[in-house]
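What follows is the content of final.txt (compact mmCIF, C-alpha atoms).
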# COMPACT_ATOMS: atom_id res chain seq x y z
CA MET A 7 24.33 14.65 -12.11
CA ARG A 8 25.45 17.98 -10.69
CA PRO A 9 25.28 18.26 -6.88
CA GLU A 10 22.87 21.19 -7.08
CA ASP A 11 20.55 19.18 -9.37
CA PHE A 12 20.64 16.21 -7.00
CA ASP A 13 19.80 18.45 -4.03
CA PHE A 14 16.94 20.02 -5.97
CA ILE A 15 15.32 16.74 -7.05
CA ALA A 16 15.85 15.13 -3.65
CA LYS A 17 14.02 18.00 -1.93
CA LEU A 18 11.25 17.98 -4.52
CA LEU A 19 10.63 14.24 -4.05
CA LYS A 20 10.69 14.47 -0.27
CA ASP A 21 8.27 17.40 -0.20
CA ARG A 22 5.83 15.78 -2.63
CA SER A 23 5.94 12.14 -1.55
CA GLY A 24 8.11 11.69 1.53
CA LEU A 25 10.61 9.66 -0.49
CA VAL A 26 14.18 10.08 0.72
CA ILE A 27 16.89 9.72 -1.93
CA THR A 28 20.48 9.67 -0.70
CA ARG A 29 23.50 10.22 -2.91
CA ASP A 30 24.32 6.50 -2.98
CA LYS A 31 20.94 5.99 -4.69
CA ALA A 32 21.63 8.49 -7.45
CA TYR A 33 21.57 5.61 -9.93
CA LEU A 34 17.81 5.35 -9.31
CA LEU A 35 17.38 8.88 -10.56
CA GLU A 36 19.30 7.99 -13.70
CA SER A 37 17.37 4.78 -14.40
CA ARG A 38 13.88 6.08 -13.64
CA LEU A 39 14.04 9.66 -14.89
CA THR A 40 16.02 9.22 -18.11
CA PRO A 41 12.95 7.62 -19.78
CA VAL A 42 10.86 10.61 -18.64
CA ALA A 43 13.35 12.99 -20.24
CA ARG A 44 13.37 11.00 -23.49
CA LYS A 45 9.58 10.85 -23.58
CA ARG A 46 9.53 14.64 -23.32
CA GLY A 47 12.05 15.03 -26.14
CA MET A 48 14.87 16.17 -23.86
CA LYS A 49 18.52 15.28 -24.30
CA GLY A 50 18.98 13.97 -20.77
CA LEU A 51 18.65 14.55 -17.05
CA GLU A 52 20.28 17.97 -17.15
CA ASP A 53 17.53 19.27 -19.42
CA LEU A 54 14.89 17.60 -17.23
CA MET A 55 16.27 19.24 -14.09
CA ALA A 56 16.21 22.63 -15.78
CA SER A 57 12.60 22.11 -16.86
CA LEU A 58 11.54 20.95 -13.39
CA ARG A 59 12.56 24.26 -11.85
CA THR A 60 9.78 26.02 -13.76
CA ALA A 61 7.55 23.02 -14.47
CA GLY A 62 3.81 22.79 -14.19
CA GLU A 63 1.99 20.10 -12.25
CA ASP A 64 1.96 17.55 -15.09
CA LEU A 65 5.74 17.17 -15.25
CA LEU A 66 6.11 17.31 -11.47
CA ARG A 67 3.57 14.52 -11.14
CA GLU A 68 5.20 12.43 -13.86
CA VAL A 69 8.60 12.66 -12.18
CA THR A 70 7.17 11.91 -8.74
CA GLU A 71 5.28 8.88 -10.03
CA ALA A 72 8.35 7.58 -11.86
CA MET A 73 10.33 7.67 -8.62
CA THR A 74 7.67 6.32 -6.27
CA THR A 75 6.35 3.40 -8.31
CA ASN A 76 7.26 0.24 -6.41
CA GLU A 77 6.75 -3.37 -7.33
CA SER A 78 4.04 -5.46 -5.79
CA PHE A 79 2.95 -9.06 -6.15
CA PHE A 80 0.16 -11.33 -5.03
CA PHE A 81 0.29 -12.69 -1.46
CA ARG A 82 3.65 -11.03 -0.91
CA ASP A 83 5.61 -12.80 1.86
CA ILE A 84 2.49 -15.00 2.37
CA LYS A 85 2.57 -14.95 6.22
CA PRO A 86 0.74 -11.60 6.57
CA PHE A 87 -2.10 -13.02 4.49
CA ASP A 88 -2.18 -16.25 6.50
CA GLN A 89 -2.34 -14.08 9.63
CA PHE A 90 -5.20 -12.12 8.12
CA LYS A 91 -7.21 -15.25 7.31
CA ASP A 92 -6.45 -17.20 10.49
CA VAL A 93 -6.11 -14.48 13.13
CA VAL A 94 -7.31 -11.01 12.16
CA LEU A 95 -10.40 -11.99 10.18
CA PRO A 96 -11.81 -14.20 12.98
CA ALA A 97 -11.19 -11.33 15.41
CA MET A 98 -13.08 -8.96 13.12
CA LEU A 99 -15.99 -11.38 12.79
CA GLN A 100 -16.20 -11.56 16.56
CA SER A 101 -15.74 -7.89 17.46
CA ARG A 102 -17.87 -6.56 14.57
CA ALA A 103 -20.65 -9.17 14.85
CA ALA A 104 -23.27 -6.58 15.81
CA LYS A 105 -22.84 -4.40 12.70
CA LYS A 106 -21.52 -7.09 10.34
CA SER A 107 -19.17 -4.76 8.51
CA PHE A 108 -15.58 -3.56 8.52
CA ARG A 109 -13.20 -1.70 6.22
CA ILE A 110 -9.69 -2.55 4.99
CA TRP A 111 -7.16 -0.09 3.60
CA SER A 112 -4.30 -1.09 1.32
CA ALA A 113 -2.08 1.99 1.55
CA ALA A 114 0.41 2.57 -1.29
CA SER A 115 -1.38 -0.20 -3.16
CA SER A 116 0.68 0.14 -6.35
CA SER A 117 -0.80 -2.06 -9.10
CA GLY A 118 -3.38 -3.68 -6.83
CA GLN A 119 -2.04 -7.14 -6.03
CA GLU A 120 -2.20 -6.69 -2.24
CA ALA A 121 -5.79 -5.45 -2.27
CA TYR A 122 -6.89 -8.20 -4.65
CA SER A 123 -5.12 -10.84 -2.53
CA LEU A 124 -7.24 -9.72 0.43
CA ALA A 125 -10.36 -9.76 -1.74
CA MET A 126 -9.68 -13.34 -2.80
CA ILE A 127 -9.25 -14.42 0.82
CA LEU A 128 -12.57 -12.80 1.71
CA LYS A 129 -14.22 -14.45 -1.29
CA GLU A 130 -12.94 -17.83 -0.17
CA GLU A 131 -14.11 -17.19 3.41
CA ALA A 132 -17.52 -15.84 2.33
CA PRO A 133 -19.47 -18.92 3.55
CA LYS A 134 -18.43 -17.99 7.10
CA MET A 135 -19.65 -14.41 6.61
CA PRO A 136 -23.29 -14.43 5.44
CA GLY A 137 -24.73 -10.93 5.42
CA TRP A 138 -21.40 -9.21 6.03
CA LYS A 139 -20.24 -6.11 4.15
CA VAL A 140 -16.47 -5.68 3.81
CA GLU A 141 -15.03 -2.70 1.98
CA ILE A 142 -11.48 -2.72 0.61
CA VAL A 143 -9.90 0.59 -0.43
CA GLY A 144 -6.57 0.73 -2.24
CA THR A 145 -4.77 4.07 -2.50
CA ASP A 146 -1.63 5.19 -4.26
CA ILE A 147 0.08 8.39 -5.34
CA SER A 148 0.48 7.13 -8.91
CA ASN A 149 -2.42 7.47 -11.34
CA GLU A 150 -0.69 5.08 -13.73
CA MET A 151 -0.56 2.34 -11.09
CA LEU A 152 -4.15 2.99 -10.06
CA GLU A 153 -5.37 2.62 -13.63
CA LYS A 154 -3.51 -0.67 -13.92
CA ALA A 155 -5.05 -1.84 -10.65
CA LYS A 156 -8.57 -0.90 -11.75
CA ALA A 157 -8.12 -2.81 -15.01
CA GLY A 158 -7.04 -5.92 -13.11
CA LEU A 159 -4.83 -7.03 -16.01
CA TYR A 160 -1.58 -8.83 -15.18
CA SER A 161 1.17 -10.47 -17.18
CA GLN A 162 2.14 -14.14 -16.98
CA PHE A 163 5.16 -13.10 -14.91
CA GLU A 164 2.98 -11.15 -12.46
CA VAL A 165 0.49 -13.96 -11.86
CA GLN A 166 3.33 -16.43 -11.35
CA ARG A 167 4.72 -14.39 -8.45
CA GLY A 168 2.98 -15.59 -5.28
CA LEU A 169 -0.45 -16.41 -6.71
CA PRO A 170 -1.51 -20.02 -5.94
CA ILE A 171 -2.40 -21.90 -9.10
CA GLN A 172 -5.85 -22.80 -7.78
CA LEU A 173 -6.71 -19.11 -7.33
CA LEU A 174 -5.36 -18.27 -10.80
CA VAL A 175 -7.63 -20.91 -12.33
CA LYS A 176 -10.61 -19.86 -10.19
CA TYR A 177 -10.44 -16.06 -10.38
CA PHE A 178 -8.57 -15.15 -13.59
CA LYS A 179 -9.26 -15.48 -17.30
CA LYS A 180 -6.75 -15.27 -20.13
CA ASN A 181 -7.04 -12.02 -22.10
CA ASN A 182 -4.66 -12.28 -25.07
CA GLU A 183 -1.20 -12.35 -23.45
CA MET A 184 -2.52 -11.08 -20.12
CA TRP A 185 -4.59 -12.47 -17.26
CA GLN A 186 -7.63 -10.52 -16.05
CA ILE A 187 -9.02 -10.89 -12.57
CA ASP A 188 -12.67 -11.81 -12.22
CA PRO A 189 -15.16 -8.90 -12.15
CA SER A 190 -16.52 -10.16 -8.83
CA ILE A 191 -13.09 -9.66 -7.24
CA ARG A 192 -12.53 -6.31 -8.91
CA ALA A 193 -15.89 -5.13 -7.59
CA MET A 194 -14.72 -5.78 -4.03
CA VAL A 195 -11.99 -3.11 -4.21
CA GLN A 196 -12.13 0.65 -4.70
CA PHE A 197 -8.94 2.36 -5.89
CA ARG A 198 -8.33 6.02 -5.15
CA GLU A 199 -5.47 8.47 -5.55
CA TYR A 200 -4.11 9.56 -2.20
CA ASN A 201 -0.87 10.86 -0.74
CA LEU A 202 0.09 9.44 2.66
CA LEU A 203 1.55 12.81 3.63
CA HIS A 204 -1.85 14.48 3.40
CA ASP A 205 -4.76 14.53 5.84
CA LEU A 206 -6.35 11.10 5.56
CA LYS A 207 -9.63 11.78 7.34
CA SER A 208 -11.66 12.09 4.14
CA LEU A 209 -10.96 8.40 3.49
CA GLY A 210 -13.05 7.47 6.53
CA GLN A 211 -12.15 4.99 9.24
CA PHE A 212 -10.46 1.63 8.64
CA ASP A 213 -10.51 -1.41 10.90
CA VAL A 214 -7.50 -3.04 9.21
CA VAL A 215 -4.67 -1.11 7.55
CA PHE A 216 -1.98 -2.65 5.35
CA CYS A 217 0.93 -0.21 5.03
CA ARG A 218 3.65 -2.68 4.19
CA ASN A 219 7.06 -1.81 2.73
CA VAL A 220 6.24 1.89 2.59
CA LEU A 221 7.89 3.42 5.66
CA ILE A 222 11.30 2.11 4.59
CA TYR A 223 11.43 4.90 1.99
CA PHE A 224 10.88 7.69 4.54
CA ASP A 225 13.10 9.40 7.08
CA GLN A 226 12.30 9.19 10.80
CA PRO A 227 10.16 12.35 11.10
CA THR A 228 8.13 11.37 8.02
CA LYS A 229 7.59 7.84 9.34
CA SER A 230 6.31 9.30 12.60
CA ARG A 231 4.02 11.69 10.75
CA VAL A 232 2.56 8.94 8.55
CA LEU A 233 1.92 6.64 11.52
CA ASP A 234 0.27 9.52 13.36
CA ASN A 235 -1.99 10.15 10.34
CA ILE A 236 -2.89 6.47 10.10
CA SER A 237 -3.76 6.26 13.80
CA LYS A 238 -6.33 9.00 13.29
CA VAL A 239 -8.33 6.88 10.82
CA MET A 240 -8.28 3.69 12.90
CA PRO A 241 -10.59 2.64 15.75
CA ASP A 242 -9.13 1.76 19.13
CA ASP A 243 -9.29 -1.96 18.33
CA GLY A 244 -7.97 -1.82 14.75
CA PHE A 245 -5.01 -3.66 13.25
CA LEU A 246 -2.02 -2.19 11.40
CA TYR A 247 0.27 -4.27 9.18
CA LEU A 248 3.82 -3.12 8.46
CA GLY A 249 6.54 -4.77 6.36
CA GLY A 250 9.09 -7.19 7.75
CA ALA A 251 11.82 -4.54 7.82
CA GLU A 252 9.57 -1.93 9.45
CA THR A 253 8.60 -1.19 13.04
CA VAL A 254 6.92 1.42 15.20
CA LEU A 255 9.47 1.03 17.98
CA GLY A 256 11.40 4.24 18.55
CA ILE A 257 9.32 5.97 15.87
CA SER A 258 5.77 6.33 17.18
CA ASP A 259 3.96 5.77 20.46
CA ARG A 260 0.62 5.56 18.64
CA PHE A 261 0.98 1.82 18.06
CA LYS A 262 2.51 -1.20 19.76
CA PRO A 263 3.40 -4.69 18.49
CA ILE A 264 0.94 -7.51 19.09
CA PRO A 265 2.68 -10.35 20.97
CA ASP A 266 3.51 -13.41 18.88
CA GLN A 267 2.20 -11.82 15.68
CA ARG A 268 5.18 -10.35 13.86
CA GLY A 269 4.32 -7.41 11.63
CA ILE A 270 0.90 -6.67 13.18
CA TYR A 271 0.36 -3.68 15.47
CA CYS A 272 -2.52 -2.32 17.50
CA ARG A 273 -3.30 1.10 18.91
CA ASN A 274 -1.24 1.92 21.98
CA LEU A 275 -3.95 2.83 24.47
CA GLY A 276 -2.47 1.33 27.64
CA GLY A 277 -4.30 -1.40 29.48
CA ALA A 278 -5.35 -4.27 27.20
CA ALA A 279 -2.48 -5.98 25.41
CA VAL A 280 -4.48 -6.76 22.26
CA PRO A 281 -7.72 -5.58 20.67
CA ALA A 282 -10.98 -7.03 21.94
CA GLY A 283 -11.86 -10.34 20.32
CA PHE A 284 -8.26 -11.01 19.35
CA GLY A 285 -7.01 -13.04 22.29
CA ALA A 286 -9.76 -15.62 21.94
CA VAL A 287 -8.69 -16.63 18.44
CA ARG A 288 -4.90 -16.56 18.72

Could you render the structure from this file as structure tokens?
Amino acid sequence: MRPEDFDFIAKLLKDRSGLVITRDKAYLLESRLTPVARKRGMKGLEDLMASLRTAGEDLLREVTEAMTTNESFFFRDIKPFDQFKDVVLPAMLQSRAAKKSFRIWSAASSSGQEAYSLAMILKEEAPKMPGWKVEIVGTDISNEMLEKAKAGLYSQFEVQRGLPIQLLVKYFKKNNEMWQIDPSIRAMVQFREYNLLHDLKSLGQFDVVFCRNVLIYFDQPTKSRVLDNISKVMPDDGFLYLGGAETVLGISDRFKPIPDQRGIYCRNLGGAAVPAGFGAVR
């Protein structure tokens, strides 16, 4: 790829999605965009780059989605979900007891496995939550991934990655060569197109935010901007999840780590070390 083409596509992707592509990752452009070029009847990446310079929104979106689609799987890294069930959920049930409701956001939800993992936990814990209303919203920049998530259809390979066999048997049915998640679980999650770089206020407020393995693709200023945006849609006593290789330290003063709970952060308000209701259930 010509240097000027690389610079052009790198800027386009950063402006549209926040994704930072360095020259040592040029192979990703080759592997992910060559199929786009072929689908459009082009000879290769050079033709695609030429078309992008005068392209309409459809092609720009297709290229952006091809580069920002990331893999996901059920109960990824397991510990964050154990923390949710054993630590965060009890804190929510205590601090939200008066209104009996809270909202969860799965940011950059990809094909939906994270959001559905949370839904299955809540389904299993439902006997402890009579009369409660919990809303789960999954957002992503890719329409293709969102449609897959809404369908709730997964391959044998996908359901074998992280999903406990008892939950597969309980909440999935075989649909030809695929597995489809139960309608009761699908009904617990709303999927919406959203770009983390945009104003998030129209999404409403979220008590728990999962934004795992997303910031690693951004540069420092973009990470800070995204964390700032997220803080604006969280209450003072909300919880933020980041991935194992991510942190707020040195990036944003909007959040601070929760002691002894790796990967979970709370709003940095000074004073109390953890959100109300949290310390009692640790």

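With CA of Gly250 in chain A on one side and CA of Phe197 in chain A on the other, the separation reads 24.5 Å.
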
Box for range 148-151 of chain A - axis-aligned, 5 Å on each of the six sides, all listed atoms - centre and size in Å to one decimal, as lines of an AutoDock Vina configuration file.
center_x = -1.0
center_y = 4.9
center_z = -11.3
size_x = 12.9
size_y = 15.1
size_z = 14.8

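The residue that comes closest to Leu51 in chain A, out of A:Val93, A:Met7, A:Leu248, A:Val143 and on the basis of only C-alpha atoms, is A:Met7.
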
*At what distance in Å, to one decimal, does CA of Met151 in chain A lie from CA of Ser57 in chain A?*
24.4 Å

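Considering only C-alpha atoms, the residue among A:Lys176, A:Arg22, A:Leu99, A:Thr60 positioned nearest to Trp138 in chain A is A:Leu99.
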
*Select, counting all atoms listed in the file, all protein, DNA and RNA residues no farther than 9 Å from (-0.4, -1.5, 4.4) in file coordinates, and express the selection as an NGL selection string.*
:A and (111-115 or 120 or 214-220 or 246-249)

Create the file for the chosen residues now, containing C-alpha atoms and written as a PDB file, in the coordinates of the input.
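Wrote it out as again-v4.pdb, contents follow:
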ATOM      1  CA  TRP A 111      -7.160  -0.090   3.600  1.00  0.00           C
ATOM      2  CA  SER A 112      -4.300  -1.090   1.320  1.00  0.00           C
ATOM      3  CA  ALA A 113      -2.080   1.990   1.550  1.00  0.00           C
ATOM      4  CA  ALA A 114       0.410   2.570  -1.290  1.00  0.00           C
ATOM      5  CA  SER A 115      -1.380  -0.200  -3.160  1.00  0.00           C
ATOM      6  CA  GLU A 120      -2.200  -6.690  -2.240  1.00  0.00           C
ATOM      7  CA  VAL A 214      -7.500  -3.040   9.210  1.00  0.00           C
ATOM      8  CA  VAL A 215      -4.670  -1.110   7.550  1.00  0.00           C
ATOM      9  CA  PHE A 216      -1.980  -2.650   5.350  1.00  0.00           C
ATOM     10  CA  CYS A 217       0.930  -0.210   5.030  1.00  0.00           C
ATOM     11  CA  ARG A 218       3.650  -2.680   4.190  1.00  0.00           C
ATOM     12  CA  ASN A 219       7.060  -1.810   2.730  1.00  0.00           C
ATOM     13  CA  VAL A 220       6.240   1.890   2.590  1.00  0.00           C
ATOM     14  CA  LEU A 246      -2.020  -2.190  11.400  1.00  0.00           C
ATOM     15  CA  TYR A 247       0.270  -4.270   9.180  1.00  0.00           C
ATOM     16  CA  LEU A 248       3.820  -3.120   8.460  1.00  0.00           C
ATOM     17  CA  GLY A 249       6.540  -4.770   6.360  1.00  0.00           C
TER      18      GLY A 249
END

*Nearest candidate to Ala121 in chain A (options A:Gln186, A:Phe163, A:Ile191, A:Glu63; using all atoms listed in the file)*: A:Ile191

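In this comparison, which uses all atoms listed in the file, the residue of A:Arg268, A:Lys31, A:Lys85, A:Arg273 approaching Leu233 in chain A most closely is A:Arg273.
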
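CA of Lys238 in chain A to CA of Met73 in chain A spans 27.6 Å [interatomic distance, one decimal].
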
Which residues are near Lys262 in chain A? Cut-off 12 Å, all atoms listed in the file, ignore same chain within fewer than 2 positions. Put them as a CSV table (one decimal) with C-alpha atoms, keeping the file's coordinate frame.
chain,number,residue,atom,x,y,z
A,233,LEU,CA,1.9,6.6,11.5
A,237,SER,CA,-3.8,6.3,13.8
A,243,ASP,CA,-9.3,-2.0,18.3
A,244,GLY,CA,-8.0,-1.8,14.8
A,245,PHE,CA,-5.0,-3.7,13.2
A,246,LEU,CA,-2.0,-2.2,11.4
A,247,TYR,CA,0.3,-4.3,9.2
A,248,LEU,CA,3.8,-3.1,8.5
A,253,THR,CA,8.6,-1.2,13.0
A,254,VAL,CA,6.9,1.4,15.2
A,255,LEU,CA,9.5,1.0,18.0
A,256,GLY,CA,11.4,4.2,18.6
A,257,ILE,CA,9.3,6.0,15.9
A,258,SER,CA,5.8,6.3,17.2
A,259,ASP,CA,4.0,5.8,20.5
A,260,ARG,CA,0.6,5.6,18.6
A,264,ILE,CA,0.9,-7.5,19.1
A,265,PRO,CA,2.7,-10.4,21.0
A,267,GLN,CA,2.2,-11.8,15.7
A,268,ARG,CA,5.2,-10.4,13.9
A,269,GLY,CA,4.3,-7.4,11.6
A,270,ILE,CA,0.9,-6.7,13.2
A,271,TYR,CA,0.4,-3.7,15.5
A,272,CYS,CA,-2.5,-2.3,17.5
A,273,ARG,CA,-3.3,1.1,18.9
A,274,ASN,CA,-1.2,1.9,22.0
A,275,LEU,CA,-4.0,2.8,24.5
A,276,GLY,CA,-2.5,1.3,27.6
A,277,GLY,CA,-4.3,-1.4,29.5
A,278,ALA,CA,-5.4,-4.3,27.2
A,279,ALA,CA,-2.5,-6.0,25.4
A,280,VAL,CA,-4.5,-6.8,22.3
A,281,PRO,CA,-7.7,-5.6,20.7
